[in-house]
file upload_26.csv (CSV, N, CA and C atoms)
chain,number,residue,atom,x,y,z
A,1,MET,N,10.3,-2.9,17.8
A,1,MET,CA,9.4,-2.1,16.9
A,1,MET,C,8.0,-2.3,17.3
A,2,GLY,N,7.5,-3.5,17.3
A,2,GLY,CA,6.1,-3.8,17.7
A,2,GLY,C,5.8,-5.2,17.9
A,3,ARG,N,4.6,-5.5,18.4
A,3,ARG,CA,4.2,-6.9,18.7
A,3,ARG,C,3.1,-7.2,17.7
A,4,VAL,N,3.2,-8.4,17.2
A,4,VAL,CA,2.1,-8.9,16.3
A,4,VAL,C,1.7,-10.3,16.8
A,5,ALA,N,0.4,-10.6,16.8
A,5,ALA,CA,-0.1,-11.9,17.2
A,5,ALA,C,-0.9,-12.4,16.0
A,6,ALA,N,-0.9,-13.7,15.8
A,6,ALA,CA,-1.6,-14.2,14.6
A,6,ALA,C,-2.3,-15.5,15.0
A,7,LEU,N,-3.4,-15.8,14.2
A,7,LEU,CA,-4.1,-17.0,14.2
A,7,LEU,C,-3.9,-17.6,12.8
A,8,ILE,N,-3.0,-18.5,12.7
A,8,ILE,CA,-2.6,-19.1,11.4
A,8,ILE,C,-2.4,-20.6,11.6
A,9,ASP,N,-3.1,-21.4,10.9
A,9,ASP,CA,-2.9,-22.9,11.0
A,9,ASP,C,-1.7,-23.4,10.1
A,10,ASP,N,-1.6,-22.8,8.9
A,10,ASP,CA,-0.6,-23.2,7.9
A,10,ASP,C,0.8,-23.0,8.4
A,11,LEU,N,1.5,-24.1,8.8
A,11,LEU,CA,2.8,-24.0,9.3
A,11,LEU,C,3.8,-23.3,8.4
A,12,PHE,N,3.7,-23.6,7.1
A,12,PHE,CA,4.6,-23.0,6.1
A,12,PHE,C,4.4,-21.5,6.1
A,13,PHE,N,3.2,-21.0,6.1
A,13,PHE,CA,2.9,-19.6,6.1
A,13,PHE,C,3.3,-18.9,7.4
A,14,GLN,N,3.1,-19.6,8.5
A,14,GLN,CA,3.6,-19.1,9.8
A,14,GLN,C,5.1,-18.8,9.7
A,15,LEU,N,5.8,-19.7,9.2
A,15,LEU,CA,7.3,-19.6,9.1
A,15,LEU,C,7.7,-18.4,8.2
A,16,LYS,N,6.9,-18.2,7.1
A,16,LYS,CA,7.2,-17.1,6.2
A,16,LYS,C,7.0,-15.8,6.9
A,17,VAL,N,5.9,-15.6,7.6
A,17,VAL,CA,5.6,-14.4,8.3
A,17,VAL,C,6.5,-14.2,9.5
A,18,ALA,N,6.8,-15.3,10.2
A,18,ALA,CA,7.8,-15.2,11.3
A,18,ALA,C,9.2,-14.7,10.9
A,19,GLU,N,9.6,-15.3,9.8
A,19,GLU,CA,10.9,-14.9,9.3
A,19,GLU,C,11.0,-13.4,8.9
A,20,THR,N,9.9,-12.9,8.2
A,20,THR,CA,9.8,-11.5,7.9
A,20,THR,C,9.8,-10.7,9.1
A,21,ALA,N,9.0,-11.0,10.1
A,21,ALA,CA,9.0,-10.3,11.4
A,21,ALA,C,10.3,-10.2,12.0
A,22,LYS,N,11.0,-11.4,12.0
A,22,LYS,CA,12.4,-11.4,12.6
A,22,LYS,C,13.3,-10.4,11.9
A,23,GLN,N,13.3,-10.4,10.6
A,23,GLN,CA,14.1,-9.5,9.8
A,23,GLN,C,13.8,-8.0,10.2
A,24,LEU,N,12.5,-7.8,10.5
A,24,LEU,CA,12.1,-6.4,10.9
A,24,LEU,C,12.3,-6.0,12.3
A,25,GLY,N,12.7,-7.0,13.1
A,25,GLY,CA,12.8,-6.8,14.6
A,25,GLY,C,11.4,-6.7,15.3
A,26,ILE,N,10.5,-7.4,14.7
A,26,ILE,CA,9.1,-7.4,15.3
A,26,ILE,C,8.9,-8.7,16.1
A,27,GLU,N,8.4,-8.5,17.3
A,27,GLU,CA,8.0,-9.7,18.0
A,27,GLU,C,6.7,-10.3,17.4
A,28,PHE,N,6.8,-11.6,17.0
A,28,PHE,CA,5.7,-12.2,16.3
A,28,PHE,C,5.4,-13.5,17.1
A,29,LYS,N,4.1,-13.6,17.5
A,29,LYS,CA,3.6,-14.8,18.2
A,29,LYS,C,2.5,-15.3,17.4
A,30,VAL,N,2.4,-16.6,17.3
A,30,VAL,CA,1.4,-17.3,16.6
A,30,VAL,C,0.6,-18.2,17.5
A,31,ALA,N,-0.7,-18.3,17.2
A,31,ALA,CA,-1.6,-19.2,18.0
A,31,ALA,C,-2.3,-20.1,17.0
A,32,SER,N,-2.5,-21.3,17.5
A,32,SER,CA,-3.2,-22.3,16.7
A,32,SER,C,-4.7,-22.4,17.0
A,33,ASN,N,-5.1,-21.7,18.1
A,33,ASN,CA,-6.5,-21.7,18.4
A,33,ASN,C,-6.8,-20.3,19.1
A,34,PRO,N,-8.1,-19.9,19.1
A,34,PRO,CA,-8.5,-18.6,19.6
A,34,PRO,C,-8.1,-18.4,21.1
A,35,ASP,N,-8.2,-19.4,21.9
A,35,ASP,CA,-7.9,-19.2,23.3
A,35,ASP,C,-6.5,-18.8,23.5
A,36,VAL,N,-5.6,-19.5,22.8
A,36,VAL,CA,-4.2,-19.2,22.9
A,36,VAL,C,-3.9,-17.8,22.3
A,37,LEU,N,-4.6,-17.4,21.2
A,37,LEU,CA,-4.5,-16.1,20.7
A,37,LEU,C,-4.8,-15.0,21.7
A,38,PHE,N,-5.9,-15.2,22.5
A,38,PHE,CA,-6.2,-14.2,23.5
A,38,PHE,C,-5.2,-14.1,24.6
A,39,THR,N,-4.5,-15.2,24.9
A,39,THR,CA,-3.4,-15.1,25.9
A,39,THR,C,-2.2,-14.3,25.4
A,40,LEU,N,-2.1,-14.3,24.0
A,40,LEU,CA,-0.9,-13.6,23.4
A,40,LEU,C,-1.2,-12.1,23.4
A,41,LEU,N,-2.4,-11.6,23.6
A,41,LEU,CA,-2.7,-10.2,23.5
A,41,LEU,C,-2.3,-9.4,24.8
A,42,ASP,N,-1.7,-10.1,25.7
A,42,ASP,CA,-1.2,-9.4,26.9
A,42,ASP,C,0.3,-9.7,27.1
A,43,PRO,N,1.2,-8.7,27.0
A,43,PRO,CA,1.0,-7.3,26.8
A,43,PRO,C,0.3,-6.9,25.5
A,44,PRO,N,-0.2,-5.7,25.4
A,44,PRO,CA,-0.9,-5.3,24.2
A,44,PRO,C,-0.1,-5.5,22.9
A,45,THR,N,-0.8,-5.9,21.8
A,45,THR,CA,-0.2,-6.0,20.5
A,45,THR,C,-0.6,-4.8,19.6
A,46,ARG,N,0.1,-4.6,18.5
A,46,ARG,CA,-0.2,-3.6,17.6
A,46,ARG,C,-1.1,-4.1,16.5
A,47,LEU,N,-1.1,-5.4,16.3
A,47,LEU,CA,-1.8,-6.0,15.2
A,47,LEU,C,-2.1,-7.4,15.4
A,48,VAL,N,-3.3,-7.9,15.0
A,48,VAL,CA,-3.6,-9.3,15.0
A,48,VAL,C,-3.9,-9.7,13.5
A,49,ILE,N,-3.2,-10.8,13.1
A,49,ILE,CA,-3.4,-11.3,11.7
A,49,ILE,C,-4.2,-12.6,11.9
A,50,VAL,N,-5.2,-12.7,11.0
A,50,VAL,CA,-6.1,-13.9,11.1
A,50,VAL,C,-6.2,-14.5,9.7
A,51,ASP,N,-5.9,-15.8,9.7
A,51,ASP,CA,-6.1,-16.6,8.5
A,51,ASP,C,-7.5,-17.1,8.5
A,52,LEU,N,-8.3,-16.6,7.5
A,52,LEU,CA,-9.7,-16.9,7.5
A,52,LEU,C,-10.0,-18.4,7.1
A,53,ASN,N,-8.9,-19.0,6.6
A,53,ASN,CA,-9.0,-20.5,6.3
A,53,ASN,C,-8.6,-21.3,7.5
A,54,SER,N,-8.4,-20.7,8.6
A,54,SER,CA,-8.1,-21.5,9.8
A,54,SER,C,-9.2,-22.4,10.2
A,55,ARG,N,-8.9,-23.6,10.8
A,55,ARG,CA,-9.9,-24.6,11.2
A,55,ARG,C,-10.5,-24.2,12.5
A,56,ASN,N,-10.1,-23.1,13.1
A,56,ASN,CA,-10.5,-22.8,14.5
A,56,ASN,C,-11.4,-21.5,14.6
A,57,GLN,N,-12.4,-21.5,13.8
A,57,GLN,CA,-13.5,-20.5,13.9
A,57,GLN,C,-12.9,-19.1,13.8
A,58,PRO,N,-12.3,-18.7,12.7
A,58,PRO,CA,-11.6,-17.4,12.6
A,58,PRO,C,-12.7,-16.3,12.6
A,59,VAL,N,-13.8,-16.4,12.0
A,59,VAL,CA,-14.8,-15.3,12.0
A,59,VAL,C,-15.3,-15.1,13.4
A,60,ALA,N,-15.6,-16.2,14.2
A,60,ALA,CA,-16.0,-16.0,15.6
A,60,ALA,C,-14.9,-15.4,16.4
A,61,THR,N,-13.7,-15.7,16.1
A,61,THR,CA,-12.5,-15.1,16.8
A,61,THR,C,-12.5,-13.6,16.5
A,62,ILE,N,-12.7,-13.2,15.3
A,62,ILE,CA,-12.8,-11.7,15.0
A,62,ILE,C,-13.9,-11.1,15.7
A,63,GLU,N,-15.1,-11.7,15.8
A,63,GLU,CA,-16.2,-11.1,16.6
A,63,GLU,C,-15.8,-10.9,18.0
A,64,ARG,N,-15.1,-12.0,18.6
A,64,ARG,CA,-14.7,-11.9,20.0
A,64,ARG,C,-13.7,-10.8,20.2
A,65,LEU,N,-12.7,-10.7,19.2
A,65,LEU,CA,-11.7,-9.6,19.3
A,65,LEU,C,-12.4,-8.2,19.3
A,66,ARG,N,-13.4,-8.0,18.4
A,66,ARG,CA,-14.1,-6.8,18.3
A,66,ARG,C,-14.9,-6.5,19.6
A,67,ALA,N,-15.4,-7.5,20.2
A,67,ALA,CA,-16.2,-7.3,21.4
A,67,ALA,C,-15.4,-6.9,22.6
A,68,THR,N,-14.1,-7.4,22.6
A,68,THR,CA,-13.3,-7.1,23.8
A,68,THR,C,-12.3,-6.0,23.5
A,69,GLN,N,-11.8,-5.8,22.3
A,69,GLN,CA,-10.8,-4.8,22.0
A,69,GLN,C,-11.1,-4.1,20.7
A,70,LYS,N,-12.0,-3.1,20.8
A,70,LYS,CA,-12.5,-2.5,19.6
A,70,LYS,C,-11.4,-1.7,18.8
A,71,GLU,N,-10.4,-1.2,19.4
A,71,GLU,CA,-9.3,-0.4,18.8
A,71,GLU,C,-8.2,-1.3,18.2
A,72,LEU,N,-8.2,-2.5,18.5
A,72,LEU,CA,-7.1,-3.4,18.0
A,72,LEU,C,-7.2,-3.6,16.5
A,73,ARG,N,-6.1,-3.4,15.8
A,73,ARG,CA,-6.1,-3.6,14.3
A,73,ARG,C,-6.0,-5.1,14.0
A,74,VAL,N,-7.0,-5.5,13.2
A,74,VAL,CA,-7.1,-6.9,12.8
A,74,VAL,C,-7.0,-6.9,11.2
A,75,VAL,N,-6.1,-7.7,10.7
A,75,VAL,CA,-6.0,-7.9,9.3
A,75,VAL,C,-6.2,-9.4,9.0
A,76,ALA,N,-7.1,-9.7,8.1
A,76,ALA,CA,-7.4,-11.0,7.7
A,76,ALA,C,-7.1,-11.3,6.3
A,77,PHE,N,-6.7,-12.5,6.0
A,77,PHE,CA,-6.5,-12.9,4.6
A,77,PHE,C,-7.1,-14.2,4.3
A,78,LEU,N,-7.4,-14.5,3.0
A,78,LEU,CA,-8.0,-15.7,2.5
A,78,LEU,C,-7.8,-15.8,1.0
A,79,SER,N,-8.3,-16.8,0.4
A,79,SER,CA,-8.2,-17.0,-1.1
A,79,SER,C,-9.0,-15.9,-1.7
A,80,HIS,N,-8.6,-15.4,-2.9
A,80,HIS,CA,-9.3,-14.3,-3.5
A,80,HIS,C,-10.7,-14.7,-4.0
A,81,VAL,N,-10.9,-16.0,-4.1
A,81,VAL,CA,-12.3,-16.4,-4.6
A,81,VAL,C,-13.3,-16.6,-3.5
A,82,GLN,N,-12.9,-16.4,-2.3
A,82,GLN,CA,-13.8,-16.7,-1.2
A,82,GLN,C,-14.5,-15.4,-0.8
A,83,THR,N,-15.3,-14.9,-1.7
A,83,THR,CA,-16.0,-13.6,-1.4
A,83,THR,C,-17.0,-13.7,-0.3
A,84,GLU,N,-17.7,-14.8,-0.2
A,84,GLU,CA,-18.7,-14.9,0.9
A,84,GLU,C,-18.0,-14.9,2.3
A,85,LEU,N,-16.9,-15.6,2.4
A,85,LEU,CA,-16.1,-15.6,3.7
A,85,LEU,C,-15.6,-14.2,4.0
A,86,ALA,N,-15.1,-13.5,2.9
A,86,ALA,CA,-14.7,-12.1,3.1
A,86,ALA,C,-15.8,-11.2,3.7
A,87,ALA,N,-17.0,-11.4,3.1
A,87,ALA,CA,-18.1,-10.6,3.6
A,87,ALA,C,-18.4,-11.0,5.1
A,88,GLN,N,-18.3,-12.2,5.4
A,88,GLN,CA,-18.6,-12.7,6.8
A,88,GLN,C,-17.5,-12.0,7.8
A,89,ALA,N,-16.3,-12.0,7.3
A,89,ALA,CA,-15.2,-11.4,8.2
A,89,ALA,C,-15.5,-9.9,8.3
A,90,ARG,N,-15.9,-9.2,7.3
A,90,ARG,CA,-16.2,-7.8,7.4
A,90,ARG,C,-17.4,-7.5,8.3
A,91,ALA,N,-18.4,-8.4,8.2
A,91,ALA,CA,-19.6,-8.3,9.1
A,91,ALA,C,-19.2,-8.5,10.5
A,92,ALA,N,-18.2,-9.3,10.8
A,92,ALA,CA,-17.7,-9.6,12.1
A,92,ALA,C,-16.9,-8.5,12.7
A,93,GLY,N,-16.5,-7.5,11.8
A,93,GLY,CA,-15.8,-6.3,12.3
A,93,GLY,C,-14.4,-6.2,11.8
A,94,CYS,N,-14.0,-7.0,10.9
A,94,CYS,CA,-12.6,-6.9,10.3
A,94,CYS,C,-12.7,-6.1,9.1
A,95,LEU,N,-12.2,-4.9,9.1
A,95,LEU,CA,-12.3,-4.0,8.0
A,95,LEU,C,-11.2,-4.2,7.0
A,96,GLU,N,-10.1,-4.9,7.3
A,96,GLU,CA,-9.0,-5.1,6.4
A,96,GLU,C,-8.9,-6.6,6.1
A,97,VAL,N,-9.7,-7.0,5.1
A,97,VAL,CA,-9.7,-8.3,4.6
A,97,VAL,C,-9.1,-8.3,3.2
A,98,MET,N,-8.2,-9.2,2.9
A,98,MET,CA,-7.5,-9.2,1.6
A,98,MET,C,-7.1,-10.6,1.2
A,99,PRO,N,-6.9,-10.7,-0.1
A,99,PRO,CA,-6.4,-12.0,-0.6
A,99,PRO,C,-5.0,-12.3,0.0
A,100,ARG,N,-4.7,-13.6,0.2
A,100,ARG,CA,-3.4,-14.0,0.7
A,100,ARG,C,-2.3,-13.4,-0.1
A,101,SER,N,-2.4,-13.4,-1.4
A,101,SER,CA,-1.3,-12.9,-2.3
A,101,SER,C,-1.1,-11.4,-2.0
A,102,VAL,N,-2.1,-10.6,-1.8
A,102,VAL,CA,-1.9,-9.2,-1.5
A,102,VAL,C,-1.3,-9.1,-0.1
A,103,PHE,N,-1.7,-9.8,0.9
A,103,PHE,CA,-1.2,-9.8,2.2
A,103,PHE,C,0.3,-10.0,2.1
A,104,THR,N,0.7,-11.0,1.4
A,104,THR,CA,2.1,-11.4,1.2
A,104,THR,C,2.9,-10.2,0.6
A,105,GLN,N,2.4,-9.6,-0.4
A,105,GLN,CA,3.1,-8.5,-1.0
A,105,GLN,C,3.2,-7.3,-0.1
A,106,ILE,N,2.2,-7.1,0.8
A,106,ILE,CA,2.3,-5.9,1.7
A,106,ILE,C,3.3,-6.2,2.8
A,107,TRP,N,3.3,-7.4,3.4
A,107,TRP,CA,4.1,-7.7,4.5
A,107,TRP,C,5.6,-7.8,4.1
A,108,ARG,N,5.9,-8.5,3.1
A,108,ARG,CA,7.3,-8.8,2.7
A,108,ARG,C,8.1,-7.6,2.2
A,109,PRO,N,7.6,-6.7,1.5
A,109,PRO,CA,8.5,-5.6,1.0
A,109,PRO,C,9.2,-4.8,2.0
A,110,TYR,N,8.8,-4.9,3.3
A,110,TYR,CA,9.5,-4.1,4.3
A,110,TYR,C,11.0,-4.5,4.4
A,111,PHE,N,11.3,-5.7,4.1
A,111,PHE,CA,12.7,-6.1,4.2
A,111,PHE,C,13.2,-6.7,2.8
A,112,LYS,N,12.4,-7.0,1.9
A,112,LYS,CA,12.8,-7.6,0.6
A,112,LYS,C,12.0,-6.9,-0.5
A,113,PRO,N,12.5,-5.8,-1.0
A,113,PRO,CA,11.8,-5.1,-2.0
A,113,PRO,C,11.5,-5.9,-3.2
A,114,ARG,N,10.3,-5.8,-3.7
A,114,ARG,CA,9.9,-6.4,-5.0
A,114,ARG,C,8.8,-5.7,-5.6
A,115,ARG,N,8.5,-6.0,-6.8
A,115,ARG,CA,7.4,-5.3,-7.5
A,115,ARG,C,6.1,-5.6,-6.9
A,116,ILE,N,5.3,-4.6,-6.7
A,116,ILE,CA,4.0,-4.8,-6.0
A,116,ILE,C,2.9,-4.6,-7.1
A,117,SER,N,2.0,-5.5,-7.2
A,117,SER,CA,0.9,-5.4,-8.2
A,117,SER,C,0.0,-4.2,-7.9
A,118,ALA,N,-0.8,-3.8,-8.9
A,118,ALA,CA,-1.8,-2.7,-8.7
A,118,ALA,C,-2.8,-3.1,-7.7
A,119,ARG,N,-3.2,-4.3,-7.6
A,119,ARG,CA,-4.1,-4.7,-6.5
A,119,ARG,C,-3.5,-4.6,-5.1
A,120,ALA,N,-2.2,-4.9,-5.0
A,120,ALA,CA,-1.6,-4.7,-3.7
A,120,ALA,C,-1.4,-3.3,-3.4
A,121,ARG,N,-1.1,-2.4,-4.4
A,121,ARG,CA,-1.0,-1.0,-4.1
A,121,ARG,C,-2.2,-0.4,-3.5
A,122,LYS,N,-3.4,-1.0,-3.9
A,122,LYS,CA,-4.6,-0.5,-3.3
A,122,LYS,C,-4.6,-0.5,-1.8
A,123,PHE,N,-3.9,-1.6,-1.3
A,123,PHE,CA,-3.8,-1.7,0.2
A,123,PHE,C,-2.5,-1.2,0.8
A,124,SER,N,-1.7,-0.5,0.0
A,124,SER,CA,-0.4,-0.1,0.4
A,124,SER,C,-0.5,0.9,1.6
A,125,GLY,N,-1.6,1.5,1.8
A,125,GLY,CA,-1.7,2.4,3.0
A,125,GLY,C,-1.7,1.7,4.3
A,126,LEU,N,-1.7,0.4,4.3
A,126,LEU,CA,-1.6,-0.3,5.6
A,126,LEU,C,-0.3,-0.2,6.2
A,127,SER,N,-0.2,0.6,7.2
A,127,SER,CA,1.1,0.8,7.9
A,127,SER,C,1.0,0.1,9.3
A,128,PHE,N,0.8,-1.2,9.3
A,128,PHE,CA,0.5,-1.9,10.5
A,128,PHE,C,1.7,-2.4,11.2
A,129,LEU,N,2.9,-2.0,10.7
A,129,LEU,CA,4.1,-2.5,11.4
A,129,LEU,C,4.8,-1.3,12.1
call {"tool": "encode", "arguments": {"input": "upload_26.csv", "output": "structure tokens"}}
result
Amino acid sequence: MGRVAALIDDLFFQLKVAETAKQLGIEFKVASNPDVLFTLLDPPTRLVIVDLNSRNQPVATIERLRATQKELRVVAFLSHVQTELAAQARAAGCLEVMPRSVFTQIWRPYFKPRRISARARKFSGLSFL
């Protein structure tokens, strides 16, 4: 179906996303640092997921992605209270920044239907898979 690469430190969340991708038949590769992430982009991916709470300079990574691959879709997530970090990510070129809870609701329903909140419906137009 597609290839997805991610910069996610949280092992538990990596496993959740990887299991969802597996159920969908999507090749999912995760990197623990930006240099590894950039090696995962060849062959080309359809989407890069960035955990803005990563310890490995996620905002700088988004800037670097935008500088080298302007058309690549980048989706970032963070805690809903981190409005300043969200603004930094948008300024770096990530147009799709959302709370982690919304990201989870968007990603998972593709194989496990569940009720989606009004806030998540706002982002339901994301057809990144």
call {"tool": "closest_atom_pairs", "arguments": {"input": "upload_26.csv", "of": "range 35-61 of chain A", "to": "range 74-91 of chain A", "cutoff": "8 Å", "atoms": "only N, CA and C atoms", "output": "CSV"}}
result
residue,atom,partner,partner_atom,distance
A:Arg46,C,A:Val74,N,6.9
A:Leu47,CA,A:Val74,N,5.6
A:Val48,C,A:Val75,N,4.1
A:Ile49,CA,A:Val75,C,4.3
A:Val50,N,A:Val75,C,4.0
A:Asp51,CA,A:Phe77,N,4.8
A:Leu52,N,A:Phe77,C,4.2
A:Asn53,N,A:Leu78,CA,5.3
A:Ser54,N,A:Leu78,CA,7.9
A:Pro58,C,A:Ala89,CA,7.0
A:Val59,CA,A:Ala89,CA,5.5
A:Ala60,N,A:Ala89,CA,7.7
call {"tool": "select_by_dssp", "arguments": {"input": "upload_26.csv", "residues": "range 46-94 of chain A", "states": "helix (DSSP H, G or I)", "output": "number ranges by chain"}}
result
A: 58-68, 83-92
call {"tool": "atom_distance", "arguments": {"input": "upload_26.csv", "atom1": "atom N of Leu95 in chain A", "atom2": "CA of Lys22 in chain A"}}
result
25.7 Å
call {"tool": "closest_residue", "arguments": {"input": "upload_26.csv", "among": "A:Glu96, A:Phe13, A:Thr20, A:Ala6", "to": "Asn33 in chain A", "atoms": "only N, CA and C atoms"}}
result
A:Ala6
call {"tool": "select_by_dssp", "arguments": {"input": "upload_26.csv", "residues": "chain A", "states": "strand (DSSP E)", "output": "PyMOL selection string"}}
result
chain A and resi 3-7+27-31+47-51+73-78+96-99
call {"tool": "atom_distance", "arguments": {"input": "upload_26.csv", "atom1": "CA of Thr61 in chain A", "atom2": "CA of Ala21 in chain A"}}
result
22.7 Å
call {"tool": "closest_residue", "arguments": {"input": "upload_26.csv", "among": "A:Arg3, A:Lys29, A:Arg73, A:Arg55", "to": "Cys94 in chain A", "atoms": "only N, CA and C atoms"}}
result
A:Arg73
call {"tool": "atom_distance", "arguments": {"input": "upload_26.csv", "atom1": "atom N of Ile62 in chain A", "atom2": "atom N of Ala92 in chain A"}}
result
8.1 Å
call {"tool": "closest_residue", "arguments": {"input": "upload_26.csv", "among": "A:Gly2, A:Thr104, A:Gln69, A:Leu11", "to": "Leu24 in chain A", "atoms": "only N, CA and C atoms"}}
result
A:Gly2
call {"tool": "residues_around", "arguments": {"input": "upload_26.csv", "residues": "Val30 in chain A", "least_positions_apart": "4", "cutoff": "7 Å", "atoms": "only C-alpha atoms", "output": "ChimeraX atom specification"}}
result
/A:5-8
call {"tool": "closest_residue", "arguments": {"input": "upload_26.csv", "among": "A:Gln23, A:Ala18, A:Val102, A:Arg64", "to": "Leu37 in chain A", "atoms": "only C-alpha atoms"}}
result
A:Arg64
call {"tool": "build_atoms", "arguments": {"input": "upload_26.csv", "residues": "range 1-8 of chain A", "atoms": "all heavy atoms", "output": "PDB file, in the frame of the given file"}}
result
ATOM      1  N   MET A   1      10.300  -2.900  17.800  1.00  0.00           N
ATOM      2  CA  MET A   1       9.400  -2.100  16.900  1.00  0.00           C
ATOM      3  C   MET A   1       8.000  -2.300  17.300  1.00  0.00           C
ATOM      4  O   MET A   1       7.261  -1.331  17.542  1.00  0.00           O
ATOM      5  CB  MET A   1       9.691  -2.540  15.508  1.00  0.00           C
ATOM      6  CG  MET A   1       8.953  -1.753  14.480  1.00  0.00           C
ATOM      7  SD  MET A   1       9.488  -2.258  12.833  1.00  0.00           S
ATOM      8  CE  MET A   1       9.093  -0.802  11.953  1.00  0.00           C
ATOM      9  N   GLY A   2       7.500  -3.500  17.300  1.00  0.00           N
ATOM     10  CA  GLY A   2       6.100  -3.800  17.700  1.00  0.00           C
ATOM     11  C   GLY A   2       5.800  -5.200  17.900  1.00  0.00           C
ATOM     12  O   GLY A   2       6.706  -6.049  17.747  1.00  0.00           O
ATOM     13  N   ARG A   3       4.600  -5.500  18.400  1.00  0.00           N
ATOM     14  CA  ARG A   3       4.200  -6.900  18.700  1.00  0.00           C
ATOM     15  C   ARG A   3       3.100  -7.200  17.700  1.00  0.00           C
ATOM     16  O   ARG A   3       2.164  -6.451  17.578  1.00  0.00           O
ATOM     17  CB  ARG A   3       3.719  -7.000  20.110  1.00  0.00           C
ATOM     18  CG  ARG A   3       4.719  -7.491  21.063  1.00  0.00           C
ATOM     19  CD  ARG A   3       4.102  -7.615  22.466  1.00  0.00           C
ATOM     20  NE  ARG A   3       4.075  -9.019  22.788  1.00  0.00           N
ATOM     21  CZ  ARG A   3       2.984  -9.750  22.921  1.00  0.00           C
ATOM     22  NH1 ARG A   3       1.814  -9.231  22.792  1.00  0.00           N
ATOM     23  NH2 ARG A   3       3.061 -11.013  23.208  1.00  0.00           N
ATOM     24  N   VAL A   4       3.200  -8.400  17.200  1.00  0.00           N
ATOM     25  CA  VAL A   4       2.100  -8.900  16.300  1.00  0.00           C
ATOM     26  C   VAL A   4       1.700 -10.300  16.800  1.00  0.00           C
ATOM     27  O   VAL A   4       2.601 -11.129  17.049  1.00  0.00           O
ATOM     28  CB  VAL A   4       2.602  -8.957  14.821  1.00  0.00           C
ATOM     29  CG1 VAL A   4       1.558  -9.574  13.929  1.00  0.00           C
ATOM     30  CG2 VAL A   4       2.979  -7.562  14.346  1.00  0.00           C
ATOM     31  N   ALA A   5       0.400 -10.600  16.800  1.00  0.00           N
ATOM     32  CA  ALA A   5      -0.100 -11.900  17.200  1.00  0.00           C
ATOM     33  C   ALA A   5      -0.900 -12.400  16.000  1.00  0.00           C
ATOM     34  O   ALA A   5      -1.429 -11.573  15.206  1.00  0.00           O
ATOM     35  CB  ALA A   5      -0.950 -11.843  18.408  1.00  0.00           C
ATOM     36  N   ALA A   6      -0.900 -13.700  15.800  1.00  0.00           N
ATOM     37  CA  ALA A   6      -1.600 -14.200  14.600  1.00  0.00           C
ATOM     38  C   ALA A   6      -2.300 -15.500  15.000  1.00  0.00           C
ATOM     39  O   ALA A   6      -1.895 -16.297  15.809  1.00  0.00           O
ATOM     40  CB  ALA A   6      -0.625 -14.465  13.503  1.00  0.00           C
ATOM     41  N   LEU A   7      -3.400 -15.800  14.200  1.00  0.00           N
ATOM     42  CA  LEU A   7      -4.100 -17.000  14.200  1.00  0.00           C
ATOM     43  C   LEU A   7      -3.900 -17.600  12.800  1.00  0.00           C
ATOM     44  O   LEU A   7      -4.622 -17.211  11.893  1.00  0.00           O
ATOM     45  CB  LEU A   7      -5.621 -16.832  14.551  1.00  0.00           C
ATOM     46  CG  LEU A   7      -6.489 -18.083  14.517  1.00  0.00           C
ATOM     47  CD1 LEU A   7      -6.067 -19.052  15.620  1.00  0.00           C
ATOM     48  CD2 LEU A   7      -7.961 -17.728  14.664  1.00  0.00           C
ATOM     49  N   ILE A   8      -3.000 -18.500  12.700  1.00  0.00           N
ATOM     50  CA  ILE A   8      -2.600 -19.100  11.400  1.00  0.00           C
ATOM     51  C   ILE A   8      -2.400 -20.600  11.600  1.00  0.00           C
ATOM     52  O   ILE A   8      -1.504 -20.946  12.447  1.00  0.00           O
ATOM     53  CB  ILE A   8      -1.353 -18.437  10.816  1.00  0.00           C
ATOM     54  CG1 ILE A   8      -1.538 -16.931  10.641  1.00  0.00           C
ATOM     55  CG2 ILE A   8      -1.000 -19.089   9.488  1.00  0.00           C
ATOM     56  CD1 ILE A   8      -0.296 -16.196  10.185  1.00  0.00           C
TER      57      ILE A   8
END
